[in-house]
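Engineer: My structure is in structure-v2.csv, and what it holds is CSV, C-alpha atoms:
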chain,number,residue,atom,x,y,z
A,152,MET,CA,0.0,0.0,0.0
A,153,GLN,CA,2.9,2.4,0.7
A,154,ASN,CA,4.3,1.9,-2.8
A,155,ILE,CA,1.0,3.0,-4.3
A,156,PHE,CA,1.1,6.2,-2.2
A,157,LEU,CA,4.8,6.8,-3.2
A,158,VAL,CA,3.9,6.4,-6.9
A,159,ALA,CA,0.9,8.7,-6.5
A,160,HIS,CA,2.9,11.4,-4.7
A,161,LEU,CA,5.7,11.2,-7.3
A,162,ALA,CA,3.1,11.4,-10.1
A,163,ALA,CA,1.6,14.5,-8.5
A,164,VAL,CA,4.9,16.2,-8.2
A,165,LEU,CA,5.8,15.4,-11.8
A,166,LEU,CA,2.4,16.5,-13.2
A,167,ALA,CA,2.6,19.7,-11.2
A,168,ALA,CA,6.0,20.4,-12.6
A,169,LEU,CA,4.7,19.8,-16.1
A,170,ALA,CA,1.8,22.1,-15.4
A,171,LEU,CA,4.2,24.8,-14.3
A,172,TRP,CA,6.4,24.3,-17.4
A,173,SER,CA,3.4,24.4,-19.7
A,174,MET,CA,2.5,27.9,-18.5
A,175,ARG,CA,5.6,29.3,-20.3
A,176,HIS,CA,3.6,30.8,-23.1
A,177,GLU,CA,2.0,33.3,-20.7
A,178,LEU,CA,5.3,34.6,-19.4
A,179,SER,CA,6.9,34.9,-22.9
A,180,GLU,CA,3.7,36.4,-24.4
A,181,LYS,CA,3.7,33.8,-27.2
A,182,ALA,CA,0.6,32.8,-29.2
A,183,ALA,CA,-0.8,29.5,-28.2
A,184,ALA,CA,-3.5,27.2,-29.4
A,185,ARG,CA,-6.5,26.1,-27.3
A,186,PHE,CA,-4.7,22.8,-26.4
A,187,GLU,CA,-1.7,24.7,-25.0
A,188,TRP,CA,-4.1,26.9,-22.9
A,189,ALA,CA,-6.1,23.9,-21.7
A,190,LEU,CA,-3.1,21.7,-20.8
A,191,PRO,CA,-2.0,23.4,-17.5
A,192,PRO,CA,-5.6,23.4,-16.0
A,193,ALA,CA,-6.1,19.8,-17.0
A,194,LEU,CA,-2.8,18.7,-15.4
A,195,ALA,CA,-3.7,20.8,-12.3
A,196,VAL,CA,-7.0,19.0,-12.0
A,197,VAL,CA,-5.2,15.6,-12.2
A,198,VAL,CA,-2.7,16.7,-9.5
A,199,ALA,CA,-5.5,18.0,-7.3
A,200,ALA,CA,-7.4,14.7,-7.8
A,201,VAL,CA,-4.4,12.7,-6.8
A,202,LEU,CA,-3.8,14.8,-3.7
A,203,LEU,CA,-7.4,14.5,-2.7
A,204,ILE,CA,-7.5,10.8,-3.2
A,205,VAL,CA,-4.4,10.1,-1.1
A,206,SER,CA,-5.4,12.6,1.5
A,207,PRO,CA,-6.1,10.9,4.9
A,208,GLY,CA,-8.5,13.7,5.9
A,209,LYS,CA,-11.7,13.3,3.8
A,210,ARG,CA,-13.5,16.6,4.4
A,211,PHE,CA,-15.7,16.8,1.4
A,212,GLU,CA,-17.5,20.0,2.5
A,213,LEU,CA,-14.1,21.8,2.6
A,214,TRP,CA,-13.2,20.5,-0.8
A,215,VAL,CA,-16.5,21.6,-2.4
A,216,ILE,CA,-16.1,25.1,-0.9
A,217,ALA,CA,-12.5,25.3,-2.1
A,218,ILE,CA,-13.4,24.1,-5.6
A,219,ALA,CA,-16.4,26.5,-5.9
A,220,ALA,CA,-14.4,29.5,-4.5
A,221,GLY,CA,-11.4,28.8,-6.8
A,222,PHE,CA,-13.6,28.4,-9.9
A,223,ALA,CA,-15.5,31.6,-9.1
A,224,ILE,CA,-12.3,33.6,-8.5
A,225,GLY,CA,-10.8,32.0,-11.6
A,226,LEU,CA,-13.8,33.0,-13.8
A,227,ALA,CA,-13.4,36.6,-12.6
A,228,ALA,CA,-9.6,36.6,-13.1
A,229,GLY,CA,-10.0,35.4,-16.6
A,230,THR,CA,-11.6,38.6,-17.6
A,231,LEU,CA,-8.6,40.7,-16.6
A,232,PRO,CA,-5.9,39.8,-19.1
A,233,ARG,CA,-6.1,41.6,-22.4
A,234,ALA,CA,-6.3,38.9,-25.1
A,235,ILE,CA,-5.4,39.1,-28.8
A,236,LYS,CA,-6.7,36.4,-31.0
A,237,ASP,CA,-6.1,35.1,-34.5
A,238,PHE,CA,-9.5,33.9,-35.4
A,239,SER,CA,-8.4,31.9,-38.5
A,240,LEU,CA,-5.7,29.9,-36.7
A,241,GLU,CA,-7.5,29.9,-33.3
A,242,LEU,CA,-4.4,31.3,-31.5
A,243,VAL,CA,-4.6,33.5,-28.4
A,244,ARG,CA,-1.9,35.7,-26.9
A,245,ILE,CA,-2.1,37.7,-23.7
A,246,LYS,CA,0.2,40.3,-22.1
A,247,ARG,CA,2.5,38.8,-19.5
A,248,THR,CA,0.6,37.7,-16.5
A,249,TRP,CA,1.9,36.1,-13.3
A,250,ASP,CA,-1.2,34.8,-11.6
A,251,GLY,CA,-1.5,31.6,-13.5
A,252,THR,CA,2.2,30.8,-13.1
A,253,ILE,CA,2.1,31.6,-9.4
A,254,ALA,CA,-0.9,29.3,-9.0
A,255,ALA,CA,0.9,26.5,-10.9
A,256,GLY,CA,4.0,27.1,-8.8
A,257,LEU,CA,2.0,26.9,-5.6
A,258,LEU,CA,0.4,23.7,-6.8
A,259,LEU,CA,3.9,22.3,-7.3
A,260,LEU,CA,4.9,23.4,-3.9
A,261,LEU,CA,1.9,21.7,-2.4
A,262,ALA,CA,2.7,18.4,-4.2
A,263,LEU,CA,6.3,18.7,-3.0
A,264,VAL,CA,5.2,19.3,0.6
A,265,ARG,CA,2.9,16.3,0.5
A,266,PHE,CA,5.7,14.1,-0.9
A,267,VAL,CA,8.4,15.3,1.5
A,268,THR,CA,6.3,15.1,4.6
A,269,THR,CA,4.6,11.8,3.9
A,270,GLU,CA,7.3,9.8,2.0
A,271,LEU,CA,10.6,11.2,3.1
A,272,MET,CA,9.9,12.4,6.7
A,273,GLY,CA,7.4,9.7,7.5
A,274,ARG,CA,5.3,12.3,9.2
A,275,PRO,CA,1.5,11.5,9.2
A,276,SER,CA,-0.9,14.1,8.0
A,277,GLY,CA,-3.0,16.0,10.5
A,278,GLY,CA,-6.1,14.5,8.7
A,279,TYR,CA,-7.8,17.8,8.0
A,280,GLY,CA,-7.6,17.7,4.2
A,281,VAL,CA,-6.4,21.3,4.0
A,282,LEU,CA,-3.6,20.5,1.6
A,283,GLY,CA,-5.9,18.7,-0.8
A,284,ALA,CA,-8.4,21.5,-0.6
A,285,ALA,CA,-5.7,24.1,-1.4
A,286,ALA,CA,-4.7,22.0,-4.4
A,287,ALA,CA,-8.3,21.8,-5.5
A,288,PHE,CA,-8.7,25.6,-5.1
A,289,LEU,CA,-5.7,26.2,-7.3
A,290,ALA,CA,-6.8,23.7,-10.0
A,291,ALA,CA,-10.3,25.2,-10.0
A,292,TYR,CA,-8.8,28.7,-10.2
A,293,LEU,CA,-6.7,27.8,-13.3
A,294,THR,CA,-9.6,26.1,-14.9
A,295,GLY,CA,-12.0,29.0,-14.4
A,296,ARG,CA,-9.4,31.4,-15.6
A,297,VAL,CA,-8.7,29.6,-18.9
A,298,ILE,CA,-12.4,29.0,-19.6
A,299,THR,CA,-13.2,32.7,-19.2
A,300,LEU,CA,-10.1,33.8,-21.2
A,301,LEU,CA,-10.8,31.4,-24.1
A,302,PHE,CA,-14.6,31.6,-24.3
A,303,TYR,CA,-15.4,35.1,-23.1
A,304,ASN,CA,-12.4,37.4,-23.3
A,305,ALA,CA,-10.7,36.2,-26.5
A,306,PRO,CA,-13.7,36.1,-28.8
A,307,ARG,CA,-14.5,39.7,-27.9
A,308,THR,CA,-11.1,41.0,-29.0
A,309,ILE,CA,-9.5,42.2,-32.2
A,310,HIS,CA,-8.1,40.0,-34.8
A,311,LEU,CA,-4.3,39.9,-35.4
A,312,ASP,CA,-2.4,37.5,-37.6
A,313,MET,CA,-0.1,35.4,-35.5
A,314,VAL,CA,2.3,32.5,-35.8
A,315,ARG,CA,2.1,29.8,-33.2
A,316,GLY,CA,4.9,30.1,-30.6
A,317,GLN,CA,6.0,33.6,-31.6
A,318,SER,CA,5.6,36.7,-29.5
A,319,ASN,CA,4.7,40.2,-30.8
A,320,ARG,CA,8.3,41.4,-30.5
Translate this file's structure into C-alpha cells.
Structural biologist:
Amino acid sequence: MQNIFLVAHLAAVLLAALALWSMRHELSEKAAARFEWALPPALAVVVAAVLLIVSPGKRFELWVIAIAAGFAIGLAAGTLPRAIKDFSLELVRIKRTWDGTIAAGLLLLLALVRFVTTELMGRPSGGYGVLGAAAAFLAAYLTGRVITLLFYNAPRTIHLDMVRGQSNR
C-alpha cells in the first residue's frame, strides 16, 4: 500500500512540474492554441485529484467550498488579461501575467510538501484535508481562468495575424 502512495505522490509532483512548465507561453507572451491553454488546468485538475484521493482527511465540504471559490475567482480573473486572437488559426496571446504561473507554482509546492512530509519524513498528516483543498482551489482557479479567457475574453477582442509560438516582438 505504501508503494501506491509513493507512486501517487511522485506522479503528483511530476504532473505539477509539467503544469508549471506548460505555462511558459503566458510569461513569454507567445501565441498558443487552445490545447496549450487547456493543458495546465487539465494537469492541475489531475494533480488535485491525486492529492485529494491520497489525503487521509476526507472533508468533502471543505473540498467543495475550495473548488467553488477557486472556480468563481478564476472566472473573474480570466476577464482581466487583455487577449489578442487570431480567429483563423485559433491562436490566443495575452500580455504577461503572473497569476497563472504563481498558481501552478503553488500547486507544485503543495505536491512537494505532501511528498516530502509523507514519504521522506514519514510524518503522518493531520487529517484535516487542507492541503488537498488548497490544491483543488488552485486547480479550479486555473480552470475557471482559462475558460473565461478562451470563451469570453478572447472572442471579444481584435483579430491579429499570428504565428504559433511567436511573440509580438
Engineer: So, with all atoms listed in the file as the atoms that count, which of A:Leu169, A:Ala228, A:Val297, A:Ile245 lies closest to Phe186 in chain A?
Structural biologist: A:Val297
Engineer: Give me the range 188-265 of chain A side of the contact with range 160-164 of chain A, cut-off 7 Å, one line per residue showing its nearest atom pair and distance in Å at one decimal, counting all atoms listed in the file, sorted by chain and residue number, as CSV.
Structural biologist:
residue,atom,partner,partner_atom,distance
A:Val198,CA,A:Ala163,CA,4.9
A:Val201,CA,A:Ala163,CA,6.5
A:Leu259,CA,A:Val164,CA,6.2
A:Ala262,CA,A:Val164,CA,5.1
A:Leu263,CA,A:Val164,CA,5.9
Engineer: In terms of the shortest atom-to-atom distance over only C-alpha atoms, which of A:Ala159, A:Leu300, A:Ala254, A:Ala167 is closest to Leu203 in chain A?
Structural biologist: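 Once distances to Leu203 in chain A are computed over only C-alpha atoms, the minimum belongs to A:Ala159.
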Engineer: Here is a test: counting all atoms listed in the file, which residue of A:Phe222, A:Phe156, A:Trp188, A:Trp214 is nearest to Tyr292 in chain A?
Structural biologist: A:Phe222
Engineer: Separation of CA of Leu240 in chain A and CA of Ala170 in chain A, in Å?
Structural biologist: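 Separation between CA of Leu240 in chain A and CA of Ala170 in chain A: 23.9 Å.
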Engineer: Report the distance between CA of Arg307 in chain A and CA of Lys246 in chain A in Å, rounded to one decimal place.
Structural biologist: 15.8 Å
Engineer: Which residue, A:Val158, A:Leu282, A:Ala219, A:Leu311, has the smallest gap to Pro207 in chain A when you use all atoms listed in the file?
Structural biologist: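 Among A:Val158, A:Leu282, A:Ala219, A:Leu311, it is A:Leu282 that comes nearest to Pro207 in chain A.
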Engineer: With distances taken over all atoms listed in the file, which of A:Ala184, A:Leu271, A:Val264, A:Ile155 is nearest to Ala305 in chain A?
Structural biologist: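 Going through A:Ala184, A:Leu271, A:Val264, A:Ile155 one by one, the smallest distance to Ala305 in chain A is for A:Ala184.
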Engineer: Enter the distance from CA of Ala193 in chain A to CA of Ile216 in chain A, in Å, rounded to one decimal.
Structural biologist: 19.7 Å
Engineer: Tell me which of A:Arg247, A:Val196, A:Met174, A:Pro306 sits closest to Ile218 in chain A, counting only C-alpha atoms.
Structural biologist: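 Distance minimum relative to Ile218 in chain A lands on A:Val196.
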Engineer: At a cut-off of 10 Å, using only C-alpha atoms, what residues contact Leu194 in chain A? Leave out same-chain residues fewer than 5 positions from it and give the result as a tab-separated table (two decimals) with C-alpha atoms, in the frame of the given file.
Structural biologist:
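The result, stored in around36.tsv:
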chain	number	residue	atom	x	y	z
A	163	ALA	CA	1.60	14.50	-8.50
A	165	LEU	CA	5.80	15.40	-11.80
A	166	LEU	CA	2.40	16.50	-13.20
A	167	ALA	CA	2.60	19.70	-11.20
A	168	ALA	CA	6.00	20.40	-12.60
A	169	LEU	CA	4.70	19.80	-16.10
A	170	ALA	CA	1.80	22.10	-15.40
A	171	LEU	CA	4.20	24.80	-14.30
A	173	SER	CA	3.40	24.40	-19.70
A	189	ALA	CA	-6.10	23.90	-21.70
A	199	ALA	CA	-5.50	18.00	-7.30
A	200	ALA	CA	-7.40	14.70	-7.80
A	255	ALA	CA	0.90	26.50	-10.90
A	290	ALA	CA	-6.80	23.70	-10.00
Engineer: What's around Gly221 in chain A at 8 Å? Count only C-alpha atoms, leave out sequence neighbours fewer than 3 positions away in its own chain, and write the answer as a list in words.
Structural biologist: Ala217, Ile218, Ile224, Gly225, Ala287, Phe288, Leu289, Ala290, Ala291, Tyr292 and Gly295 of chain A
Engineer: Residues at most 9 Å from Arg210 in chain A, counting only C-alpha atoms, excluding those fewer than 4 positions away in the same chain, as a VMD selection string?
Structural biologist: chain A and resid 214 to 215 278 to 281 284
